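*Asks:* Before I ask anything, let me first share the structure, which is written out below as C-alpha cells.
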Amino acid sequence: ALEEADCQAALVTADRGLAERVAIELARWNVIVDDSAGKPLARSLQGHLARLVLDMVTGDFAPDILVAMLAHPLLRLGLEPEERRRAACALELAVLRGGGPLPGLEALRRGLAKAPAHIAHHHAAAPLRRVSAEDLALAGVLLERLEQALSPLLSLAQAPVLGMAAAASAHADSLGMLTEGKEQPAAFAGLEGASLQALLAAVADSGADMLEGDLTDYADIITGLMRDEVVAPRHQPHARITILGLLEARLLHADLMVLGGLNEGVWPPEASNDPFLSRSMRQELRLPVPERRIGQSAHDLSQGMAAPRV
C-alpha cells in the first residue's frame, strides 16, 4: 500500500497481541505505526523491570532472574554501560555458569570470592580465563550496589504480613535507585515511566495498608494493575497506515482494510454470562444481552468487508 501514491491502509483487529507484533514488524522498515488502543504498562520496559525487581527479591536472587535483571536496558546502578557489561559478564562466567550457586546474596558473594581460584585452575575454560581481577572487582561493586538499591524491598521481604501501601512505596524507592542516572531515573522516564510512577504513588497514597499480605501478594496485585493500565501511543503516527480496534474502525475507512484475528473468542468475542446479573435482571435493567456482542462483531466484519480492497 505504501508503494501506491495516496493509498491508505488499516489493520483492524481486536487481538492486541497481533496489533503489537505487526507494529514491531513494521518498525524493521522504519514504518512507525502506533496501535490506537495503546499498550498495557505491564508489557513496557518499565513494567517488565518493575515485575523483575519483585521476582528478584521474592526469588532470593535466583540465577536466572539475576541474569535477566543484569541484562535489562534500564538498569544503571551508577555504573557506566561498559562497566555494567564487564561486571555482568564476569559474574555470569565466574559464578553463575556450571549450575551456579544456591540462591541468595551470600551464596553469590562466596562464589565471587572463590572465582580467582577457579580462574587460575589449569582446567579452567578459555572464556573464564579471560575474566580479569578488575572485572571481578567490578562484579563485587555491582552486587553491592544491587543490594543497596533493593534494600527497601529486602527489609519488607522478611515480614510475614505487610501493607500494600508500604510495599508500593518501597517498590518505587528501589526502582529509582536501580535506574538512577544523571537526570530522572530511567524507570520513571517517558510516558511509560510516568504512568508507572503515578500508579505506584496512587497505591502508596491510597491507604491500601488495610489490605495486608506478603511481598508475593503485592507482586500479583501490582502486576494486575499494570495490565489494566494502558499507555497512550507516543510516536507521531504514520500518515497512511493505522492499526485500529473495532470501535475506531466503525468511524474510519481506508482503501485497504486488513481484518485480522478472526478467531472465536477474539472476533467475535465470547458471549459469557455475567456472574452478578442474570438474563432476567439484565432485561429489567434494559442492558443488552451477551449475544449482542456477536451481532455487533458481525456488523463490524461486514462494514470492513465493504472497503475497496480487503
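In the C-alpha cells, chains take letters A, B, ... by order of appearance, with residues numbered from 1 within each chain and ligands from 1 in the order shown.
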Check the DSSP output for the backbone and give back, as a PyMOL selection string, the residues of region 72-289 of chain A in alpha helix (DSSP H).

*Replies:* chain A and resi 81-91+105-120+126-129+133-157+164-178+190-204+215-228+246-249+279-284

*Asks:* Those residues with C-alpha atoms, as an mmCIF file, in the first residue's frame please?

*Replies:*
```cif
data_model
loop_
_atom_site.group_PDB
_atom_site.id
_atom_site.type_symbol
_atom_site.label_atom_id
_atom_site.label_comp_id
_atom_site.auth_asym_id
_atom_site.auth_seq_id
_atom_site.Cartn_x
_atom_site.Cartn_y
_atom_site.Cartn_z
ATOM 1 C CA PRO A 81 27.432 0.954 30.352
ATOM 2 C CA GLU A 82 30.813 -0.663 29.657
ATOM 3 C CA GLU A 83 31.404 -1.197 33.389
ATOM 4 C CA ARG A 84 27.972 -2.805 33.805
ATOM 5 C CA ARG A 85 28.614 -5.088 30.853
ATOM 6 C CA ARG A 86 32.011 -6.209 32.157
ATOM 7 C CA ALA A 87 30.684 -6.723 35.691
ATOM 8 C CA ALA A 88 27.687 -8.735 34.461
ATOM 9 C CA CYS A 89 29.858 -10.897 32.185
ATOM 10 C CA ALA A 90 32.360 -11.548 34.988
ATOM 11 C CA LEU A 91 29.582 -12.513 37.406
ATOM 12 C CA LEU A 105 23.221 -12.849 48.122
ATOM 13 C CA GLU A 106 25.609 -14.605 50.480
ATOM 14 C CA ALA A 107 25.972 -17.518 48.075
ATOM 15 C CA LEU A 108 26.790 -15.067 45.281
ATOM 16 C CA ARG A 109 29.428 -13.379 47.420
ATOM 17 C CA ARG A 110 31.014 -16.715 48.324
ATOM 18 C CA GLY A 111 31.055 -17.728 44.681
ATOM 19 C CA LEU A 112 32.716 -14.443 43.759
ATOM 20 C CA ALA A 113 35.358 -14.941 46.482
ATOM 21 C CA LYS A 114 36.198 -18.400 45.098
ATOM 22 C CA ALA A 115 36.336 -17.161 41.482
ATOM 23 C CA PRO A 116 40.089 -16.303 41.389
ATOM 24 C CA ALA A 117 40.984 -19.885 42.329
ATOM 25 C CA HIS A 118 38.671 -21.267 39.634
ATOM 26 C CA ILE A 119 40.169 -18.931 37.026
ATOM 27 C CA ALA A 120 43.719 -19.952 37.958
ATOM 28 C CA ALA A 126 39.026 -20.236 27.862
ATOM 29 C CA PRO A 127 36.176 -17.690 28.416
ATOM 30 C CA LEU A 128 36.687 -17.918 32.191
ATOM 31 C CA ARG A 129 40.441 -17.295 31.889
ATOM 32 C CA ALA A 133 40.824 -9.210 38.562
ATOM 33 C CA GLU A 134 39.447 -5.784 37.646
ATOM 34 C CA ASP A 135 36.351 -7.430 36.168
ATOM 35 C CA LEU A 136 35.815 -9.396 39.376
ATOM 36 C CA ALA A 137 36.171 -6.206 41.409
ATOM 37 C CA LEU A 138 33.504 -4.557 39.231
ATOM 38 C CA ALA A 139 31.250 -7.575 39.782
ATOM 39 C CA GLY A 140 31.652 -7.090 43.529
ATOM 40 C CA VAL A 141 30.708 -3.418 43.223
ATOM 41 C CA LEU A 142 27.688 -4.367 41.105
ATOM 42 C CA LEU A 143 26.434 -6.843 43.723
ATOM 43 C CA GLU A 144 26.942 -4.299 46.496
ATOM 44 C CA ARG A 145 25.004 -1.594 44.663
ATOM 45 C CA LEU A 146 22.293 -4.051 43.695
ATOM 46 C CA GLU A 147 21.801 -4.978 47.355
ATOM 47 C CA GLN A 148 21.740 -1.314 48.347
ATOM 48 C CA ALA A 149 19.158 -0.456 45.688
ATOM 49 C CA LEU A 150 16.922 -3.361 46.701
ATOM 50 C CA SER A 151 17.276 -2.722 50.434
ATOM 51 C CA PRO A 152 13.799 -1.086 50.810
ATOM 52 C CA LEU A 153 12.170 -4.257 49.461
ATOM 53 C CA LEU A 154 14.607 -6.647 51.162
ATOM 54 C CA SER A 155 13.656 -5.191 54.547
ATOM 55 C CA LEU A 156 9.992 -5.977 53.816
ATOM 56 C CA ALA A 157 10.604 -9.464 52.420
ATOM 57 C CA MET A 164 0.274 -2.897 50.242
ATOM 58 C CA ALA A 165 0.841 0.872 50.509
ATOM 59 C CA ALA A 166 4.168 0.361 52.288
ATOM 60 C CA ALA A 167 5.187 -2.202 49.676
ATOM 61 C CA ALA A 168 4.371 0.211 46.824
ATOM 62 C CA SER A 169 6.450 2.956 48.429
ATOM 63 C CA ALA A 170 9.448 0.612 48.885
ATOM 64 C CA HIS A 171 8.975 -0.650 45.330
ATOM 65 C CA ALA A 172 9.193 2.891 43.935
ATOM 66 C CA ASP A 173 12.302 3.637 46.018
ATOM 67 C CA SER A 174 14.086 0.518 44.759
ATOM 68 C CA LEU A 175 13.196 1.209 41.128
ATOM 69 C CA GLY A 176 14.522 4.750 41.474
ATOM 70 C CA MET A 177 17.868 3.604 42.888
ATOM 71 C CA LEU A 178 18.258 0.813 40.343
ATOM 72 C CA GLY A 190 8.875 8.846 29.279
ATOM 73 C CA LEU A 191 5.167 8.121 29.102
ATOM 74 C CA GLU A 192 5.521 4.555 30.395
ATOM 75 C CA GLY A 193 7.739 5.681 33.275
ATOM 76 C CA ALA A 194 5.374 8.486 34.250
ATOM 77 C CA SER A 195 2.464 6.037 34.167
ATOM 78 C CA LEU A 196 4.355 3.570 36.395
ATOM 79 C CA GLN A 197 5.342 6.306 38.848
ATOM 80 C CA ALA A 198 1.750 7.567 39.055
ATOM 81 C CA LEU A 199 0.434 4.042 39.609
ATOM 82 C CA LEU A 200 2.861 3.289 42.449
ATOM 83 C CA ALA A 201 2.179 6.693 44.024
ATOM 84 C CA ALA A 202 -1.577 6.072 43.829
ATOM 85 C CA VAL A 203 -1.243 2.716 45.614
ATOM 86 C CA ALA A 204 1.132 4.180 48.221
ATOM 87 C CA LEU A 215 5.511 -9.478 49.052
ATOM 88 C CA THR A 216 4.298 -12.204 46.674
ATOM 89 C CA ASP A 217 0.715 -10.987 47.135
ATOM 90 C CA TYR A 218 1.824 -7.434 46.407
ATOM 91 C CA ALA A 219 3.652 -8.605 43.246
ATOM 92 C CA ASP A 220 0.464 -10.233 41.927
ATOM 93 C CA ILE A 221 -1.636 -7.174 42.758
ATOM 94 C CA ILE A 222 0.692 -4.627 41.143
ATOM 95 C CA THR A 223 1.118 -6.840 38.059
ATOM 96 C CA GLY A 224 -2.650 -6.972 37.639
ATOM 97 C CA LEU A 225 -2.872 -3.195 37.968
ATOM 98 C CA MET A 226 -0.120 -2.744 35.368
ATOM 99 C CA ARG A 227 -2.004 -4.989 32.935
ATOM 100 C CA ASP A 228 -5.057 -2.736 33.264
ATOM 101 C CA LEU A 246 -13.213 -2.479 16.188
ATOM 102 C CA LEU A 247 -14.723 0.652 17.696
ATOM 103 C CA GLU A 248 -12.364 3.034 15.831
ATOM 104 C CA ALA A 249 -12.888 1.115 12.576
ATOM 105 C CA ARG A 279 -30.562 -12.594 31.944
ATOM 106 C CA SER A 280 -33.844 -11.565 33.547
ATOM 107 C CA MET A 281 -32.068 -8.959 35.703
ATOM 108 C CA ARG A 282 -30.275 -7.558 32.641
ATOM 109 C CA GLN A 283 -33.597 -7.354 30.833
ATOM 110 C CA GLU A 284 -35.194 -5.490 33.739
#
```

*Asks:* Using only C-alpha atoms, which protein or nucleic acid residues come within 10 Å of region 296-304 of chain A? Drop anything in the same chain fewer than 4 positions from it, and give the result as number ranges by chain.

*Replies:* A: 12, 14, 246-247, 249-250, 252-254, 256-259, 262, 266-269, 291-292, 308-310

*Asks:* Counting only C-alpha atoms, what is within 9 Å of Val231 (chain A), bar same-chain residues fewer than 3 positions away, as a ChimeraX atom specification?

*Replies:* /A:37-41,44,191-192,195,234
